[in-house]
Structure formats: structure tokens, C-alpha cells
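Note: the block below is entry14.txt and it holds compact mmCIF, C-alpha atoms and all ligand atoms.
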# COMPACT_ATOMS: atom_id res chain seq x y z
CA MET A 1 14.55 1.21 19.42
CA ILE A 2 12.18 1.30 16.48
CA GLU A 3 13.98 2.05 13.21
CA THR A 4 12.06 4.95 11.72
CA ASP A 5 14.00 4.99 8.45
CA PRO A 6 12.36 2.49 6.06
CA LEU A 7 15.50 2.54 3.90
CA LYS A 8 17.12 0.69 6.81
CA SER A 9 14.22 -1.23 8.38
CA TYR A 10 12.78 -2.77 5.20
CA PRO A 11 16.03 -4.32 3.87
CA MET A 12 16.63 -5.66 7.42
CA LEU A 13 13.13 -7.16 7.52
CA VAL A 14 13.62 -8.84 4.14
CA GLY A 15 17.01 -10.17 5.34
CA ARG A 16 15.46 -11.63 8.51
CA LEU A 17 12.64 -13.28 6.57
CA ARG A 18 15.11 -14.65 4.01
CA ASP A 19 16.95 -16.36 6.90
CA ALA A 20 13.74 -17.79 8.34
CA ILE A 21 11.67 -18.75 5.28
CA LYS A 22 12.78 -20.54 2.13
CA GLY A 23 12.26 -19.17 -1.38
CA ASP A 24 9.81 -16.59 -2.67
CA ALA A 25 7.53 -17.05 0.36
CA ALA A 26 9.96 -14.80 2.29
CA LEU A 27 9.37 -11.98 -0.20
CA GLU A 28 5.63 -12.46 0.00
CA ALA A 29 5.73 -12.47 3.82
CA ALA A 30 7.72 -9.21 3.79
CA VAL A 31 4.66 -7.20 2.77
CA GLY A 32 2.57 -8.38 5.69
CA GLY A 33 1.01 -11.75 4.86
CA ASP A 34 -2.24 -13.01 3.30
CA PHE A 35 -0.60 -12.23 -0.02
CA VAL A 36 -3.40 -13.42 -2.30
CA THR A 37 -6.39 -12.30 -0.20
CA VAL A 38 -5.07 -8.80 0.47
CA GLY A 39 -4.05 -8.47 -3.18
CA LYS A 40 -7.57 -9.35 -4.29
CA LEU A 41 -9.06 -6.82 -1.88
CA GLU A 42 -6.70 -4.05 -3.06
CA TYR A 43 -7.64 -4.95 -6.64
CA ALA A 44 -11.39 -4.95 -5.87
CA LEU A 45 -11.07 -1.60 -4.11
CA LEU A 46 -9.54 0.01 -7.21
CA THR A 47 -11.95 -1.61 -9.67
CA GLY A 48 -14.80 -0.52 -7.38
CA LEU A 49 -13.52 3.05 -7.85
CA ASP A 50 -14.10 2.62 -11.57
CA LEU A 51 -10.54 1.83 -12.63
CA LYS A 52 -10.60 1.57 -16.43
CA PRO A 53 -8.39 -0.62 -18.65
CA GLU A 54 -6.57 2.25 -20.37
CA GLN A 55 -5.75 4.11 -17.16
CA LEU A 56 -2.42 4.54 -15.36
CA VAL A 57 -1.97 3.24 -11.81
CA VAL A 58 1.07 4.27 -9.78
CA ASP A 59 1.55 1.78 -6.95
CA VAL A 60 3.93 3.44 -4.49
CA GLY A 61 5.67 0.90 -2.23
CA CYS A 62 4.39 -1.94 -4.42
CA GLY A 63 6.47 -4.46 -2.48
CA SER A 64 6.58 -7.96 -3.93
CA GLY A 65 3.55 -7.46 -6.17
CA ARG A 66 0.49 -8.25 -4.06
CA LEU A 67 -1.59 -5.80 -6.11
CA ALA A 68 0.38 -5.95 -9.37
CA PHE A 69 -0.29 -9.69 -9.66
CA HIS A 70 -4.06 -9.14 -9.80
CA LEU A 71 -4.00 -5.93 -11.86
CA SER A 72 -1.87 -7.68 -14.48
CA LYS A 73 -4.94 -9.47 -15.81
CA ILE A 74 -6.37 -6.16 -17.10
CA PRO A 75 -5.15 -5.87 -20.70
CA GLY A 76 -4.10 -2.36 -21.66
CA LEU A 77 -3.83 -1.13 -18.08
CA ARG A 78 -0.71 0.99 -17.54
CA TYR A 79 1.17 0.55 -14.28
CA ILE A 80 4.26 1.89 -12.51
CA GLY A 81 5.32 0.22 -9.27
CA THR A 82 7.95 1.79 -7.03
CA ASP A 83 9.73 0.45 -3.99
CA ILE A 84 12.89 0.97 -1.96
CA VAL A 85 13.85 -2.75 -1.93
CA ARG A 86 15.21 -4.16 -5.20
CA GLU A 87 14.44 -7.79 -4.32
CA LEU A 88 10.76 -7.01 -3.70
CA LEU A 89 10.46 -5.04 -6.92
CA ASP A 90 12.08 -7.83 -8.93
CA HIS A 91 9.60 -10.32 -7.51
CA ALA A 92 6.69 -7.99 -8.31
CA GLU A 93 7.95 -7.62 -11.87
CA LYS A 94 8.27 -11.37 -12.31
CA LEU A 95 4.80 -12.05 -10.84
CA SER A 96 3.10 -9.47 -13.03
CA GLY A 97 4.47 -10.97 -16.24
CA ARG A 98 3.95 -7.60 -17.89
CA PRO A 99 6.99 -6.45 -19.92
CA ASP A 100 5.08 -3.22 -20.70
CA TRP A 101 4.97 -2.24 -17.01
CA LYS A 102 7.63 -0.32 -15.09
CA PHE A 103 9.08 -1.25 -11.69
CA VAL A 104 11.30 1.52 -10.37
CA LEU A 105 13.67 1.53 -7.39
CA THR A 106 13.34 4.75 -5.37
CA ASP A 107 15.05 6.01 -2.24
CA GLY A 108 12.98 8.81 -0.78
CA VAL A 109 9.54 10.30 -1.30
CA GLY A 110 9.74 11.07 -4.99
CA ILE A 111 7.46 9.54 -7.62
CA PRO A 112 9.27 9.03 -10.93
CA CYS A 113 6.45 10.26 -13.16
CA ALA A 114 5.60 13.39 -15.13
CA ASP A 115 3.06 15.91 -13.86
CA GLY A 116 -0.59 15.10 -14.48
CA CYS A 117 -0.22 11.61 -15.97
CA ALA A 118 -1.77 9.21 -13.44
CA ASP A 119 -5.38 8.22 -12.77
CA PHE A 120 -4.62 6.52 -9.45
CA VAL A 121 -1.73 6.76 -7.02
CA CYS A 122 -2.00 4.18 -4.28
CA PHE A 123 -0.13 3.62 -1.04
CA PHE A 124 -1.24 0.33 0.47
CA SER A 125 0.33 -0.12 3.90
CA VAL A 126 3.05 2.40 3.05
CA LEU A 127 2.16 5.63 4.87
CA THR A 128 1.76 3.32 7.88
CA HIS A 129 5.58 3.13 7.99
CA LEU A 130 6.52 6.76 7.36
CA THR A 131 6.70 9.87 9.48
CA HIS A 132 3.80 12.28 8.98
CA GLU A 133 6.17 14.71 7.31
CA ASP A 134 7.25 12.13 4.72
CA SER A 135 3.66 10.99 4.21
CA PHE A 136 2.61 14.53 3.44
CA ARG A 137 5.60 15.00 1.10
CA TYR A 138 4.57 11.79 -0.67
CA LEU A 139 0.93 12.87 -0.97
CA ARG A 140 2.11 16.20 -2.43
CA GLU A 141 4.10 14.24 -5.02
CA ALA A 142 1.08 12.04 -5.69
CA ARG A 143 -1.05 15.12 -6.32
CA ARG A 144 1.57 16.44 -8.74
CA VAL A 145 1.52 13.26 -10.85
CA LEU A 146 -2.29 12.90 -10.82
CA LYS A 147 -4.55 14.07 -13.63
CA PRO A 148 -7.35 16.43 -12.58
CA GLY A 149 -10.05 14.12 -11.19
CA GLY A 150 -7.43 11.47 -10.37
CA ARG A 151 -7.43 9.72 -7.02
CA ILE A 152 -5.03 8.96 -4.20
CA VAL A 153 -5.97 5.77 -2.36
CA PHE A 154 -4.15 4.99 0.87
CA SER A 155 -4.55 2.65 3.79
CA PHE A 156 -3.83 3.71 7.34
CA LEU A 157 -3.95 2.79 11.04
CA GLU A 158 -6.04 4.61 13.64
CA PHE A 159 -6.17 4.26 17.40
CA TYR A 160 -9.89 3.75 17.95
CA ILE A 161 -10.03 0.57 15.90
CA TYR A 162 -9.40 -2.35 18.22
CA SER A 163 -7.36 -4.43 15.76
CA HIS A 164 -5.14 -1.41 15.06
CA TRP A 165 -4.55 -0.92 18.76
CA ALA A 166 -3.19 -4.47 18.75
CA VAL A 167 -0.53 -3.36 16.22
CA PHE A 168 0.47 -0.49 18.53
CA ASP A 169 0.46 -2.73 21.57
CA LEU A 170 2.73 -5.22 19.81
CA SER A 171 5.20 -2.44 18.90
CA VAL A 172 5.18 -1.14 22.49
CA ASN A 173 5.42 -4.45 24.30
CA GLN A 174 7.07 -6.91 21.95
CA GLY A 175 9.00 -4.69 19.55
CA ALA A 176 12.57 -5.73 18.78
CA PRO A 177 15.42 -3.34 17.90
CA GLY A 178 15.27 -2.44 14.22
CA ASP A 179 11.54 -3.12 13.85
CA HIS A 180 9.86 -0.72 11.46
CA LEU A 181 7.66 2.14 12.55
CA ASN A 182 3.90 1.56 12.63
CA GLN A 183 2.60 5.08 12.20
CA PHE A 184 -1.01 6.02 13.05
CA ILE A 185 -2.85 8.78 11.19
CA SER A 186 -5.87 10.63 12.56
CA ARG A 187 -8.87 11.60 10.47
CA ASP A 188 -8.44 15.26 11.35
CA GLY A 189 -4.87 14.92 10.05
CA ILE A 190 -6.19 13.47 6.78
CA ALA A 191 -8.74 16.30 6.49
CA ALA A 192 -5.98 18.88 7.07
CA TRP A 193 -3.65 17.17 4.57
CA ALA A 194 -6.40 17.10 1.93
CA HIS A 195 -7.20 20.76 2.57
CA HIS A 196 -3.56 21.84 2.24
CA LEU A 197 -3.16 19.72 -0.90
CA GLY A 198 -6.26 21.27 -2.46
CA MET A 199 -7.92 17.87 -2.62
CA VAL A 200 -11.22 16.45 -1.43
CA VAL A 201 -11.65 13.46 0.89
CA GLU A 202 -14.06 11.42 -1.24
CA GLN A 203 -14.27 8.30 0.93
CA ILE A 204 -12.97 7.10 4.26
CA HIS A 205 -13.62 3.62 5.64
CA ASP A 206 -13.06 1.93 8.98
CA GLY A 207 -10.53 -0.88 8.60
CA ASP A 208 -12.65 -3.36 10.53
CA LYS A 209 -15.90 -2.88 8.55
CA PRO A 210 -16.56 -4.51 5.17
CA HIS A 211 -16.79 -1.88 2.41
CA ILE A 212 -15.14 -3.42 -0.67
CA GLU A 213 -17.47 -5.24 -3.11
CA ILE A 214 -16.06 -8.71 -3.86
CA ASP A 215 -17.35 -11.24 -6.36
CA GLU A 216 -15.81 -14.32 -4.72
CA ASP A 217 -15.43 -15.56 -1.16
CA LEU A 218 -12.06 -14.63 0.34
CA THR A 219 -10.44 -16.65 3.11
CA TRP A 220 -7.80 -15.30 5.50
CA HIS A 221 -5.01 -17.39 7.05
CA ASP A 222 -6.90 -17.40 10.38
CA GLY A 223 -9.94 -18.98 8.71
CA ARG A 224 -12.12 -15.86 8.46
CA VAL A 225 -14.20 -15.81 5.28
CA MET A 226 -15.38 -12.61 3.59
CA ARG A 227 -18.45 -12.85 1.40
CA GLY A 228 -20.08 -10.08 -0.68
CA LYS A 229 -18.05 -7.30 0.90
CA GLY A 230 -14.57 -7.31 2.39
CA ASN A 231 -12.12 -5.05 4.20
CA LEU A 232 -8.35 -4.84 4.30
CA GLY A 233 -7.94 -4.56 8.05
CA GLN A 234 -6.33 -1.14 7.66
CA SER A 235 -8.66 1.83 7.18
CA VAL A 236 -8.83 3.37 3.71
CA ALA A 237 -8.96 6.98 2.51
CA VAL A 238 -9.65 8.13 -1.04
CA LEU A 239 -8.69 11.70 -2.01
CA VAL A 240 -9.69 13.30 -5.32
CA LYS A 241 -7.75 16.03 -7.16
C1 LIG B 301 3.74 -3.40 4.16
S1 LIG B 301 4.55 -3.35 2.62
C2 LIG B 301 3.17 -3.16 1.51
C3 LIG B 301 3.53 -3.48 0.09
C4 LIG B 301 2.39 -3.33 -0.93
N1 LIG B 301 1.92 -1.96 -1.02
C5 LIG B 301 1.28 -4.27 -0.60
O1 LIG B 301 0.18 -3.83 -0.24
O2 LIG B 301 1.52 -5.47 -0.70
C6 LIG B 301 5.29 -1.74 2.61
C7 LIG B 301 6.17 -1.52 1.39
O3 LIG B 301 6.54 -0.15 1.33
C8 LIG B 301 7.88 -0.06 0.92
N2 LIG B 301 8.36 1.27 1.32
C9 LIG B 301 8.68 1.70 2.58
N3 LIG B 301 9.06 2.99 2.51
C10 LIG B 301 8.97 3.38 1.22
C11 LIG B 301 9.22 4.58 0.53
N4 LIG B 301 9.67 5.67 1.15
N5 LIG B 301 9.00 4.61 -0.79
C12 LIG B 301 8.56 3.52 -1.46
N6 LIG B 301 8.32 2.35 -0.86
C13 LIG B 301 8.51 2.27 0.46
C14 LIG B 301 8.54 -1.26 1.59
O4 LIG B 301 9.77 -1.59 1.00
C15 LIG B 301 7.47 -2.31 1.41
O5 LIG B 301 7.60 -3.01 0.21

As C-alpha cells, the full file:
Amino acid sequence: MIETDPLKSYPMLVGRLRDAIKGDAALEAAVGGDFVTVGKLEYALLTGLDLKPEQLVVDVGCGSGRLAFHLSKIPGLRYIGTDIVRELLDHAEKLSGRPDWKFVLTDGVGIPCADGCADFVCFFSVLTHLTHEDSFRYLREARRVLKPGGRIVFSFLEFYIYSHWAVFDLSVNQGAPGDHLNQFISRDGIAAWAHHLGMVVEQIHDGDKPHIEIDEDLTWHDGRVMRGKGNLGQSVAVLVK
């Protein structure tokens, strides 16, 4: 059976990878691979949305620091990373090298921030592992902590994209007990969520089509090279408060 509770499945995943892979590489594998390339794409996506140096980014489910590592080069940027796995958070904190940043252990769908303080709340490959109910609860929290005009950026899986179907197929046919949930989200669901949150869907991008401006060539582990524009693989939605 798939383990739908990430508080159980994620520590198990990290434990399995720790047994199989030596050192910090296990923590970097735990967030899904292509650590540097995906991190650069997440970074370029946010900077392409006009992220400014003095702003506050809340990175929910920051994992082992794929995004934090690249954001850390922006002096003055404020950042709060949250995650449910202490080991991943500690690695993210170490990689960022930013004593002024916060890395907070959480255990549900709360965001440990005051109302109206954040410019961006992002969920990269996080809502993909939650039930729709918890995703909506998280988005409601994200809206609470956002400033007016602030943005939620999240990545998601959808059935009509061929590479996403492969994720579903793998869960169905090769899933092992305790594997985490790979949750799909439909665009009509996103439109309804935005409506009920009082937010606007500003952008939505197919995961398999390049849409992120990049200023260097990026190479994936399978040899694919992205030039000029890249894409994460997962689709991306941007909601504005
Ligand atoms: C696929 S990884 C992605 C990590 C990171 N966002 C990135 O792009 O590298 C998913 C992360 O979400 C975390 N996570 C799962 N459920 C969570 C929850 N309810 N709240 C916060 N983090 C969660 C996991 O521990 C894991 O680090």
C-alpha cells in the first residue's frame, strides 16, 4: 500500500536512501534527483517572477536545500524554509551558509509565519505528495502569510502530460509498500482552489514545455541539455493574492 502520510513516508524514504547511498548524496537524492539542475530552474523561475533582493521567500517543504543553495547568493534576501524531516532541513541550512535564514521543522500544514509578511510562498514538488484536502489547507495558510500582491508558486503533476503518466504508471505497477503518494492535480481543481482562496491564477505551464528563462545551459542526468528556456518536468502554477 502507498503510505499517504508524508510524516511517515518521507522519514522512511530518507532511511532507505541512507542505507543505499553514502554521505550527503543520500539527502540530495531524497528530494528527487538532479539536485543542481532542478535547483537552478526553481531559482530562475522565481527570479523570472521579479523576485527582489529585499523580499521574503517561504519555501515550504524545502527538503535538503535544492532551491536554498541557489537563492543564498542573493544578498539581503530573506528566507524561511520548512520541512517535516530534520535531517533534510539541517542539510539545507548547511548548504545555504546563511546564518540570517530560518529553517523550521513542521509537522502538519501550518506555516510558521505572521500574517501578510511574505512575497513568495513556494511548494516545489510538495503538493504532489499531499491529499487535496491538505494541499488546499496549505494554500490557505500560504495566502494568510502572503502580502497583498504576493505569489504562491507550486509545481504539480497532471494526467495528460506523458512524462507525468509515467510517474503514475510506476506507482501503480512498481510501487513498493510504504512508497509516498504521487498526487495529481487537475487544472479545474486549481481554478476552483484559487477562486475559493480569493486569488488569481496568474500563470500555468505544462511541465514538459520550456517556459523558464535561463542564462546558462543546464544538463540533466540523462544527458538532456536545456538552452535559453527550461522546464522542471512538473507543471507550474502561479497564484497571486
Ligand atoms: C520531493 S521533495 C522536494 C523538496 C524541495 N521542495 C525541492 O524542490 O528540492 C518533497 C519535500 O516535501 C517535504 N514534505 C512532505 N510533506 C510535507 C509537509 N506536510 N510539510 C512540509 N514539508 C513536507 C518532504 O520532507 C520533502 O523534503

I'd like the contact shell of A:Phe156 - 10 Å cut-off, all atoms listed in the file, skipping same-chain residues fewer than 4 positions apart - returned as an mmCIF file with C-alpha atoms, in the frame of the given file.
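Now in part-v3.cif:
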data_model
loop_
_atom_site.group_PDB
_atom_site.id
_atom_site.type_symbol
_atom_site.label_atom_id
_atom_site.label_comp_id
_atom_site.auth_asym_id
_atom_site.auth_seq_id
_atom_site.Cartn_x
_atom_site.Cartn_y
_atom_site.Cartn_z
ATOM 1 C CA PHE A 123 -0.130 3.620 -1.040
ATOM 2 C CA PHE A 124 -1.240 0.330 0.470
ATOM 3 C CA SER A 125 0.330 -0.120 3.900
ATOM 4 C CA VAL A 126 3.050 2.400 3.050
ATOM 5 C CA LEU A 127 2.160 5.630 4.870
ATOM 6 C CA THR A 128 1.760 3.320 7.880
ATOM 7 C CA HIS A 129 5.580 3.130 7.990
ATOM 8 C CA HIS A 164 -5.140 -1.410 15.060
ATOM 9 C CA ASN A 182 3.900 1.560 12.630
ATOM 10 C CA GLN A 183 2.600 5.080 12.200
ATOM 11 C CA PHE A 184 -1.010 6.020 13.050
ATOM 12 C CA ILE A 185 -2.850 8.780 11.190
ATOM 13 C CA SER A 186 -5.870 10.630 12.560
ATOM 14 C CA ARG A 187 -8.870 11.600 10.470
ATOM 15 C CA HIS A 205 -13.620 3.620 5.640
ATOM 16 C CA ASP A 206 -13.060 1.930 8.980
ATOM 17 C CA GLY A 207 -10.530 -0.880 8.600
ATOM 18 C CA GLY A 233 -7.940 -4.560 8.050
ATOM 19 C CA GLN A 234 -6.330 -1.140 7.660
ATOM 20 C CA SER A 235 -8.660 1.830 7.180
ATOM 21 C CA VAL A 236 -8.830 3.370 3.710
ATOM 22 C CA ALA A 237 -8.960 6.980 2.510
#

Requested in this report: May I ask you to write as JSON, numbers by chain all residues lying at most 9 Å from ligand LIG 301 (chain B), with only C-alpha atoms and all ligand atoms counted?
Outcome: {"A": [5, 6, 7, 9, 10, 11, 14, 28, 30, 31, 32, 33, 35, 38, 39, 42, 59, 60, 61, 62, 63, 64, 65, 66, 67, 68, 82, 83, 84, 85, 86, 88, 89, 105, 106, 107, 108, 109, 110, 111, 122, 123, 124, 125, 126, 127, 128, 129, 130, 134, 135, 138, 155]}

Selection file, C-alpha atoms, as a PDB file, in the coordinates of the input:
ATOM      1  CA  ASP A   5      14.000   4.990   8.450  1.00  0.00           C
ATOM      2  CA  PRO A   6      12.360   2.490   6.060  1.00  0.00           C
ATOM      3  CA  LEU A   7      15.500   2.540   3.900  1.00  0.00           C
ATOM      4  CA  SER A   9      14.220  -1.230   8.380  1.00  0.00           C
ATOM      5  CA  TYR A  10      12.780  -2.770   5.200  1.00  0.00           C
ATOM      6  CA  PRO A  11      16.030  -4.320   3.870  1.00  0.00           C
ATOM      7  CA  VAL A  14      13.620  -8.840   4.140  1.00  0.00           C
ATOM      8  CA  GLU A  28       5.630 -12.460   0.000  1.00  0.00           C
ATOM      9  CA  ALA A  30       7.720  -9.210   3.790  1.00  0.00           C
ATOM     10  CA  VAL A  31       4.660  -7.200   2.770  1.00  0.00           C
ATOM     11  CA  GLY A  32       2.570  -8.380   5.690  1.00  0.00           C
ATOM     12  CA  GLY A  33       1.010 -11.750   4.860  1.00  0.00           C
ATOM     13  CA  PHE A  35      -0.600 -12.230  -0.020  1.00  0.00           C
ATOM     14  CA  VAL A  38      -5.070  -8.800   0.470  1.00  0.00           C
ATOM     15  CA  GLY A  39      -4.050  -8.470  -3.180  1.00  0.00           C
ATOM     16  CA  GLU A  42      -6.700  -4.050  -3.060  1.00  0.00           C
ATOM     17  CA  ASP A  59       1.550   1.780  -6.950  1.00  0.00           C
ATOM     18  CA  VAL A  60       3.930   3.440  -4.490  1.00  0.00           C
ATOM     19  CA  GLY A  61       5.670   0.900  -2.230  1.00  0.00           C
ATOM     20  CA  CYS A  62       4.390  -1.940  -4.420  1.00  0.00           C
ATOM     21  CA  GLY A  63       6.470  -4.460  -2.480  1.00  0.00           C
ATOM     22  CA  SER A  64       6.580  -7.960  -3.930  1.00  0.00           C
ATOM     23  CA  GLY A  65       3.550  -7.460  -6.170  1.00  0.00           C
ATOM     24  CA  ARG A  66       0.490  -8.250  -4.060  1.00  0.00           C
ATOM     25  CA  LEU A  67      -1.590  -5.800  -6.110  1.00  0.00           C
ATOM     26  CA  ALA A  68       0.380  -5.950  -9.370  1.00  0.00           C
ATOM     27  CA  THR A  82       7.950   1.790  -7.030  1.00  0.00           C
ATOM     28  CA  ASP A  83       9.730   0.450  -3.990  1.00  0.00           C
ATOM     29  CA  ILE A  84      12.890   0.970  -1.960  1.00  0.00           C
ATOM     30  CA  VAL A  85      13.850  -2.750  -1.930  1.00  0.00           C
ATOM     31  CA  ARG A  86      15.210  -4.160  -5.200  1.00  0.00           C
ATOM     32  CA  LEU A  88      10.760  -7.010  -3.700  1.00  0.00           C
ATOM     33  CA  LEU A  89      10.460  -5.040  -6.920  1.00  0.00           C
ATOM     34  CA  LEU A 105      13.670   1.530  -7.390  1.00  0.00           C
ATOM     35  CA  THR A 106      13.340   4.750  -5.370  1.00  0.00           C
ATOM     36  CA  ASP A 107      15.050   6.010  -2.240  1.00  0.00           C
ATOM     37  CA  GLY A 108      12.980   8.810  -0.780  1.00  0.00           C
ATOM     38  CA  VAL A 109       9.540  10.300  -1.300  1.00  0.00           C
ATOM     39  CA  GLY A 110       9.740  11.070  -4.990  1.00  0.00           C
ATOM     40  CA  ILE A 111       7.460   9.540  -7.620  1.00  0.00           C
ATOM     41  CA  CYS A 122      -2.000   4.180  -4.280  1.00  0.00           C
ATOM     42  CA  PHE A 123      -0.130   3.620  -1.040  1.00  0.00           C
ATOM     43  CA  PHE A 124      -1.240   0.330   0.470  1.00  0.00           C
ATOM     44  CA  SER A 125       0.330  -0.120   3.900  1.00  0.00           C
ATOM     45  CA  VAL A 126       3.050   2.400   3.050  1.00  0.00           C
ATOM     46  CA  LEU A 127       2.160   5.630   4.870  1.00  0.00           C
ATOM     47  CA  THR A 128       1.760   3.320   7.880  1.00  0.00           C
ATOM     48  CA  HIS A 129       5.580   3.130   7.990  1.00  0.00           C
ATOM     49  CA  LEU A 130       6.520   6.760   7.360  1.00  0.00           C
ATOM     50  CA  ASP A 134       7.250  12.130   4.720  1.00  0.00           C
ATOM     51  CA  SER A 135       3.660  10.990   4.210  1.00  0.00           C
ATOM     52  CA  TYR A 138       4.570  11.790  -0.670  1.00  0.00           C
ATOM     53  CA  SER A 155      -4.550   2.650   3.790  1.00  0.00           C
TER      54      SER A 155
END

Query raised in the report: Could you work out how far atom CA of A:His70 lies from atom CA of A:His211, giving the answer in Å with one decimal?
Result: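 Separation between atom CA of A:His211 and atom CA of A:His70: 19.1 Å.
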
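Interatomic distance, atom CA of A:Thr37 to atom CA of A:His91: 17.7 Å.
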
Report task. Take atom CA of A:Gln174 and atom CA of A:Thr4 and report the distance between them in Å, one decimal. Result ->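 Spanning atom CA of A:Gln174 to atom CA of A:Thr4 is a straight-line distance of 16.4 Å.
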
Show me, as lines of an AutoDock Vina configuration file, the centre and edge lengths in Å to one decimal of the axis-aligned box that covers every listed atom of stretch 215-234 of chain A with 3 Å on each side.
center_x = -12.5
center_y = -10.1
center_z = 2.0
size_x = 21.1
size_y = 23.8
size_z = 22.7

Query raised in the report: Out of A:Tyr79, A:Leu17, A:Leu197, A:Lys209, which residue has the shortest atom-to-atom distance to A:Gln55 when counting only C-alpha atoms?
Result: A:Tyr79

Requested in this report: Please provide as a PyMOL selection string all residues within 6 Å of A:Val58, with the sequence filter that same-chain residues fewer than 2 positions apart are discarded (counting all atoms listed in the file).
Outcome: chain A and resi 79-81+121

Requested in this report: Place a sphere of radius 9 Å on (-6.3, 14.8, -10.5) in the file coordinates and name every protein, DNA or RNA residue with an atom inside or on its surface, counting only C-alpha atoms; give the answer as a list in words.
Outcome: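 The answer, in the requested form, is Gly116, Cys117, Ala118, Asp119, Phe120, Arg143, Arg144, Val145, Leu146, Lys147, Pro148, Gly149, Gly150, Arg151, Ile152, Met199, Val240 and Lys241 of chain A.
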
Missing atoms of stretch 41-54 of chain A rebuilt to N, CA and C atoms, written as a tab-separated table (two decimals), in the coordinates of the input:
chain	number	residue	atom	x	y	z
A	41	LEU	N	-8.29	-7.93	-2.47
A	41	LEU	CA	-9.06	-6.82	-1.88
A	41	LEU	C	-8.56	-5.47	-2.41
A	42	GLU	N	-7.25	-5.31	-2.51
A	42	GLU	CA	-6.70	-4.05	-3.06
A	42	GLU	C	-7.20	-3.87	-4.50
A	43	TYR	N	-7.17	-4.97	-5.25
A	43	TYR	CA	-7.64	-4.95	-6.64
A	43	TYR	C	-9.13	-4.57	-6.70
A	44	ALA	N	-9.94	-5.21	-5.86
A	44	ALA	CA	-11.39	-4.95	-5.87
A	44	ALA	C	-11.68	-3.52	-5.44
A	45	LEU	N	-10.88	-2.99	-4.54
A	45	LEU	CA	-11.07	-1.60	-4.11
A	45	LEU	C	-10.87	-0.66	-5.30
A	46	LEU	N	-9.82	-0.88	-6.06
A	46	LEU	CA	-9.54	0.01	-7.21
A	46	LEU	C	-10.59	-0.18	-8.32
A	47	THR	N	-10.95	-1.42	-8.61
A	47	THR	CA	-11.95	-1.61	-9.67
A	47	THR	C	-13.30	-1.03	-9.22
A	48	GLY	N	-13.57	-1.10	-7.92
A	48	GLY	CA	-14.80	-0.52	-7.38
A	48	GLY	C	-14.80	1.01	-7.48
A	49	LEU	N	-13.62	1.59	-7.66
A	49	LEU	CA	-13.52	3.05	-7.85
A	49	LEU	C	-13.48	3.38	-9.34
A	50	ASP	N	-13.93	2.40	-10.13
A	50	ASP	CA	-14.10	2.62	-11.57
A	50	ASP	C	-12.78	2.69	-12.33
A	51	LEU	N	-11.80	1.94	-11.88
A	51	LEU	CA	-10.54	1.83	-12.63
A	51	LEU	C	-10.85	1.30	-14.03
A	52	LYS	N	-10.32	1.99	-15.05
A	52	LYS	CA	-10.60	1.57	-16.43
A	52	LYS	C	-9.34	1.01	-17.08
A	53	PRO	N	-9.53	0.10	-18.08
A	53	PRO	CA	-8.39	-0.62	-18.65
A	53	PRO	C	-7.28	0.26	-19.22
A	54	GLU	N	-7.63	1.46	-19.72
A	54	GLU	CA	-6.57	2.25	-20.37
A	54	GLU	C	-5.87	3.20	-19.39
